[in-house]
Amino acid sequence: MSEIAPSGAEEGVPMIAAGERAPRIEAPDQDGRPVRLSDYEGRRVVLYFYPKDHTAGCANQAAGFNGRLGEIEALGARLLGVSRDSVRSHARFAADLGLRFPILSDPDLSALNAYGVVGEKKMYGKTVTGVLRTTLVIGPDGIVEKVFEKVRPADSAGDVIEYLASHPA
C-alpha cells in the first residue's frame, strides 16, 4: 500500500472536532452519481474515511459496516464511506464486497482536507503522509457529534453502533 505524500494534501489542516459544523462536501459515489452531505440534512450520518480500496484493512472495515448496515439504519443513521480512490476503483471494490451503501470518490482530496483527515502516520516503521482512518457521527443539525480517530477496522462498525445506541438523536 503506497500512500506517500498524496497529491493535493494540505499540510497542517486540523482534524474536525466534535461540536463543529460538518463541512458540506459533494463527491461522486461508486456509480458516478453525485452525493452531497446536504442530501442527508435532518438525518444522522456516519461518515467514514479510509485509506485505500482493495486493501485488507479497508475491505475488513467496509465489510463490517455492510454486514451491520441494517443496525446502523435502524438507529436512524445513514452510512457514507470516503477515500481518494477513483469512481472506477470504488465500483470494483463495492461489487467485490457487495456494498449496499455509497462510497465517495475524492481524488483531489477536497473532502479529506475539509475534514482534516490527511496527515502523518506510521506504516511499516516509516512515517508517511496519508489518509487517517477516521469515522464521524454527524447529527441531524449538521454538527459533528463524535470523532473516532485511529479506528481499528475490525471494531469500527461495532463502535459506531454502540455510540448510536447509547446516544440517541
# chains A, B, ... in the order shown; residues from 1 in each chain; ligands from 1
$ residues_around --residues "segment 85-92 of chain A" --least-positions-apart "6" --cutoff "6 Å" --atoms "only C-alpha atoms" --output "PyMOL selection string"
chain A and resi 30+105+107
$ write_last_selection --atoms "N, CA, C and O atoms" --output "PDB file, in the first residue's frame"
ATOM      1  N   GLN A  30     -19.804   5.301  -6.070  1.00  0.00           N
ATOM      2  CA  GLN A  30     -19.244   4.231  -6.891  1.00  0.00           C
ATOM      3  C   GLN A  30     -19.968   4.046  -8.222  1.00  0.00           C
ATOM      4  O   GLN A  30     -19.443   3.412  -9.129  1.00  0.00           O
ATOM      5  N   SER A 105     -15.851   9.090  -4.026  1.00  0.00           N
ATOM      6  CA  SER A 105     -14.538   9.238  -4.624  1.00  0.00           C
ATOM      7  C   SER A 105     -14.050  10.676  -4.455  1.00  0.00           C
ATOM      8  O   SER A 105     -14.714  11.620  -4.879  1.00  0.00           O
ATOM      9  N   PRO A 107     -10.587  12.067  -5.326  1.00  0.00           N
ATOM     10  CA  PRO A 107      -9.198  12.038  -5.785  1.00  0.00           C
ATOM     11  C   PRO A 107      -8.443  13.360  -5.603  1.00  0.00           C
ATOM     12  O   PRO A 107      -7.220  13.347  -5.468  1.00  0.00           O
TER      13      PRO A 107
END
$ closest_atom_pairs --of "segment 75-157 of chain A" --to "segment 40-59 of chain A" --cutoff "10 Å" --atoms "only C-alpha atoms" --output "CSV"
residue,atom,partner,partner_atom,distance
A:Leu75,CA,A:Arg44,CA,9.1
A:Gly76,CA,A:Arg44,CA,6.4
A:Ala77,CA,A:Arg44,CA,4.6
A:Arg78,CA,A:Val45,CA,4.8
A:Leu79,CA,A:Val46,CA,4.8
A:Leu80,CA,A:Leu47,CA,5.0
A:Gly81,CA,A:Tyr48,CA,4.8
A:Val82,CA,A:Phe49,CA,4.8
A:Ser83,CA,A:Tyr50,CA,5.4
A:Arg84,CA,A:Lys52,CA,7.3
A:Asp85,CA,A:Lys52,CA,6.5
A:Ser86,CA,A:Asp53,CA,9.3
A:Ser89,CA,A:Asp53,CA,6.9
A:His90,CA,A:Asp53,CA,6.8
A:Ala91,CA,A:Asp53,CA,9.9
A:Arg92,CA,A:His54,CA,8.7
A:Phe93,CA,A:Asp53,CA,6.1
A:Ala94,CA,A:Asp53,CA,9.0
A:Asp96,CA,A:His54,CA,9.0
A:Leu97,CA,A:Ala59,CA,7.6
A:Ile103,CA,A:Tyr48,CA,9.2
A:Leu104,CA,A:Phe49,CA,9.4
A:Ala111,CA,A:Phe49,CA,9.5
A:Leu112,CA,A:Phe49,CA,7.6
A:Tyr115,CA,A:Phe49,CA,9.4
A:Val117,CA,A:Phe49,CA,7.5
A:Val118,CA,A:Pro51,CA,9.4
A:Gly130,CA,A:Pro51,CA,7.1
A:Val131,CA,A:Pro51,CA,5.0
A:Leu132,CA,A:Pro51,CA,6.8
A:Arg133,CA,A:Tyr50,CA,4.9
A:Thr134,CA,A:Phe49,CA,5.3
A:Thr135,CA,A:Tyr48,CA,4.1
A:Leu136,CA,A:Leu47,CA,5.2
A:Val137,CA,A:Val46,CA,4.6
A:Ile138,CA,A:Val45,CA,5.1
A:Gly139,CA,A:Arg44,CA,4.7
A:Pro140,CA,A:Gly42,CA,4.2
A:Asp141,CA,A:Gly42,CA,6.2
A:Gly142,CA,A:Glu41,CA,6.9
A:Ile143,CA,A:Arg44,CA,9.6
A:Val144,CA,A:Val45,CA,9.3
A:Glu145,CA,A:Arg44,CA,9.4
A:Lys146,CA,A:Val46,CA,9.5
A:Val147,CA,A:Leu47,CA,9.7
A:Phe148,CA,A:Tyr48,CA,9.1
A:Val151,CA,A:Tyr50,CA,9.4
A:Arg152,CA,A:Gly57,CA,8.3
A:Pro153,CA,A:Gly57,CA,5.8
A:Ala154,CA,A:Gly57,CA,7.9
A:Ser156,CA,A:Tyr48,CA,9.3
A:Ala157,CA,A:Val46,CA,10.0
$ select_by_dssp --residues "chain A" --states "strand (DSSP E)" --output "VMD selection string"
chain A and resid 26 to 28 34 to 36 44 to 49 77 to 83 103 to 105 118 to 123 126 to 131 134 to 138 144 to 148
$ atom_distance --atom1 "atom CA of Pro23 of chain A" --atom2 "atom CA of Ala114 of chain A"
6.4 Å
$ residues_around --residues "Glu26 of chain A" --least-positions-apart "6" --cutoff "10 Å" --atoms "only C-alpha atoms" --output "list of chain:residue names"
A:Pro34, A:Val35, A:Arg36, A:Leu37, A:Ser38, A:Asp39, A:Leu104, A:Ser105, A:Asp106, A:Ser110, A:Ala111
$ write_last_selection --atoms "all heavy atoms" --output "short mmCIF file (atom, residue, chain, number, x, y, z; two decimals), in the first residue's frame"
data_model
loop_
_atom_site.label_atom_id
_atom_site.label_comp_id
_atom_site.auth_asym_id
_atom_site.auth_seq_id
_atom_site.Cartn_x
_atom_site.Cartn_y
_atom_site.Cartn_z
N PRO A 34 -23.58 12.01 -8.17
CA PRO A 34 -23.13 12.98 -7.16
C PRO A 34 -23.89 12.79 -5.85
O PRO A 34 -25.11 12.60 -5.86
CB PRO A 34 -23.45 14.34 -7.79
CG PRO A 34 -24.48 14.07 -8.84
CD PRO A 34 -24.31 12.64 -9.27
N VAL A 35 -23.16 12.82 -4.76
CA VAL A 35 -23.74 12.71 -3.42
C VAL A 35 -23.28 13.93 -2.65
O VAL A 35 -22.10 14.27 -2.65
CB VAL A 35 -23.28 11.42 -2.70
CG1 VAL A 35 -23.79 11.39 -1.27
CG2 VAL A 35 -23.75 10.19 -3.46
N ARG A 36 -24.24 14.62 -2.04
CA ARG A 36 -23.94 15.79 -1.22
C ARG A 36 -24.29 15.47 0.23
O ARG A 36 -25.33 14.85 0.49
CB ARG A 36 -24.78 16.98 -1.67
CG ARG A 36 -24.45 17.48 -3.04
CD ARG A 36 -25.56 18.41 -3.56
NE ARG A 36 -25.56 18.42 -5.00
CZ ARG A 36 -26.12 17.48 -5.78
NH1 ARG A 36 -26.77 16.47 -5.26
NH2 ARG A 36 -26.06 17.56 -7.09
N LEU A 37 -23.46 15.91 1.15
CA LEU A 37 -23.79 15.72 2.55
C LEU A 37 -25.12 16.40 2.86
O LEU A 37 -25.92 15.89 3.65
CB LEU A 37 -22.67 16.27 3.44
CG LEU A 37 -22.76 15.92 4.92
CD1 LEU A 37 -22.80 14.41 5.13
CD2 LEU A 37 -21.60 16.52 5.68
N SER A 38 -25.40 17.50 2.17
CA SER A 38 -26.66 18.22 2.40
C SER A 38 -27.88 17.38 1.99
O SER A 38 -28.99 17.66 2.43
CB SER A 38 -26.66 19.55 1.65
OG SER A 38 -26.54 19.34 0.25
N ASP A 39 -27.67 16.32 1.19
CA ASP A 39 -28.78 15.41 0.83
C ASP A 39 -29.35 14.73 2.07
O ASP A 39 -30.46 14.21 2.04
CB ASP A 39 -28.31 14.31 -0.13
CG ASP A 39 -27.87 14.83 -1.49
OD1 ASP A 39 -28.23 15.97 -1.85
OD2 ASP A 39 -27.15 14.09 -2.18
N LEU A 104 -17.72 7.38 -1.55
CA LEU A 104 -17.48 8.57 -2.35
C LEU A 104 -16.03 8.66 -2.78
O LEU A 104 -15.11 8.39 -2.01
CB LEU A 104 -17.87 9.82 -1.56
CG LEU A 104 -19.25 9.80 -0.91
CD1 LEU A 104 -19.54 11.14 -0.24
CD2 LEU A 104 -20.34 9.46 -1.92
N SER A 105 -15.85 9.09 -4.03
CA SER A 105 -14.54 9.24 -4.62
C SER A 105 -14.05 10.68 -4.45
O SER A 105 -14.71 11.62 -4.88
CB SER A 105 -14.62 8.89 -6.12
OG SER A 105 -13.40 9.14 -6.76
N ASP A 106 -12.87 10.83 -3.84
CA ASP A 106 -12.31 12.16 -3.56
C ASP A 106 -10.85 12.24 -4.01
O ASP A 106 -9.95 12.45 -3.20
CB ASP A 106 -12.44 12.43 -2.05
CG ASP A 106 -12.06 13.85 -1.67
OD1 ASP A 106 -12.27 14.78 -2.49
OD2 ASP A 106 -11.53 14.03 -0.56
N SER A 110 -10.44 17.04 -1.68
CA SER A 110 -11.17 18.20 -1.16
C SER A 110 -11.95 17.84 0.10
O SER A 110 -11.94 18.61 1.08
CB SER A 110 -12.07 18.81 -2.23
OG SER A 110 -13.00 17.85 -2.70
N ALA A 111 -12.64 16.72 0.10
CA ALA A 111 -13.38 16.30 1.30
C ALA A 111 -12.42 15.88 2.41
O ALA A 111 -12.60 16.24 3.57
CB ALA A 111 -14.33 15.16 0.96
#
$ atom_distance --atom1 "atom CA of Ala169 of chain A" --atom2 "atom CA of Asn60 of chain A"
27.6 Å
$ residues_around --residues "Gly67 of chain A" --least-positions-apart "3" --cutoff "10 Å" --atoms "only C-alpha atoms" --output "ChimeraX atom specification"
/A:61-64,70-72,98-100,157
$ write_last_selection --atoms "all heavy atoms" --output "compact mmCIF listing (two decimals), in the first residue's frame"
# COMPACT_ATOMS: atom_id res chain seq x y z
N GLN A 61 -13.02 -3.30 7.11
CA GLN A 61 -13.87 -2.24 7.65
C GLN A 61 -15.16 -2.10 6.84
O GLN A 61 -16.26 -2.05 7.40
CB GLN A 61 -13.11 -0.91 7.68
CG GLN A 61 -13.89 0.20 8.33
CD GLN A 61 -13.11 1.51 8.38
OE1 GLN A 61 -12.20 1.74 7.59
NE2 GLN A 61 -13.45 2.35 9.32
N ALA A 62 -15.04 -2.06 5.51
CA ALA A 62 -16.23 -1.90 4.66
C ALA A 62 -17.17 -3.09 4.81
O ALA A 62 -18.39 -2.92 4.91
CB ALA A 62 -15.80 -1.75 3.20
N ALA A 63 -16.63 -4.30 4.86
CA ALA A 63 -17.46 -5.49 5.03
C ALA A 63 -18.15 -5.48 6.39
O ALA A 63 -19.32 -5.87 6.50
CB ALA A 63 -16.62 -6.75 4.87
N GLY A 64 -17.45 -5.00 7.41
CA GLY A 64 -18.05 -4.90 8.74
C GLY A 64 -19.23 -3.94 8.75
O GLY A 64 -20.29 -4.23 9.31
N GLY A 70 -27.99 -2.68 8.45
CA GLY A 70 -29.37 -2.65 8.96
C GLY A 70 -29.45 -2.09 10.36
O GLY A 70 -30.38 -1.33 10.69
N GLU A 71 -28.49 -2.45 11.21
CA GLU A 71 -28.47 -1.94 12.59
C GLU A 71 -28.21 -0.44 12.60
O GLU A 71 -28.84 0.31 13.37
CB GLU A 71 -27.38 -2.64 13.40
CG GLU A 71 -27.65 -4.10 13.67
CD GLU A 71 -26.45 -4.76 14.31
OE1 GLU A 71 -26.24 -4.55 15.53
OE2 GLU A 71 -25.71 -5.47 13.59
N ILE A 72 -27.29 0.01 11.77
CA ILE A 72 -26.97 1.44 11.69
C ILE A 72 -28.21 2.22 11.24
O ILE A 72 -28.58 3.24 11.84
CB ILE A 72 -25.77 1.68 10.76
CG1 ILE A 72 -24.49 1.10 11.40
CG2 ILE A 72 -25.60 3.17 10.43
CD1 ILE A 72 -23.31 1.00 10.46
N GLY A 98 -19.99 -6.48 -2.34
CA GLY A 98 -21.45 -6.40 -2.29
C GLY A 98 -21.93 -5.25 -1.43
O GLY A 98 -22.95 -5.38 -0.74
N LEU A 99 -21.21 -4.12 -1.47
CA LEU A 99 -21.56 -2.98 -0.60
C LEU A 99 -22.92 -2.41 -0.96
O LEU A 99 -23.25 -2.24 -2.14
CB LEU A 99 -20.49 -1.90 -0.68
CG LEU A 99 -19.10 -2.31 -0.24
CD1 LEU A 99 -18.14 -1.11 -0.29
CD2 LEU A 99 -19.09 -2.92 1.17
N ARG A 100 -23.69 -2.08 0.08
CA ARG A 100 -25.05 -1.55 -0.09
C ARG A 100 -25.16 -0.11 0.38
O ARG A 100 -26.25 0.34 0.71
CB ARG A 100 -26.03 -2.44 0.68
CG ARG A 100 -26.06 -3.86 0.17
CD ARG A 100 -26.91 -4.79 1.02
NE ARG A 100 -26.21 -5.05 2.29
CZ ARG A 100 -26.75 -4.88 3.50
NH1 ARG A 100 -27.98 -4.45 3.64
NH2 ARG A 100 -26.04 -5.15 4.59
N ALA A 157 -17.50 -0.84 12.92
CA ALA A 157 -18.98 -0.89 12.89
C ALA A 157 -19.55 -1.05 14.29
O ALA A 157 -20.51 -0.36 14.66
CB ALA A 157 -19.45 -2.02 11.98
$ select_by_dssp --residues "segment 31-115 of chain A" --states "helix (DSSP H, G or I)" --output "count of residues only"
38
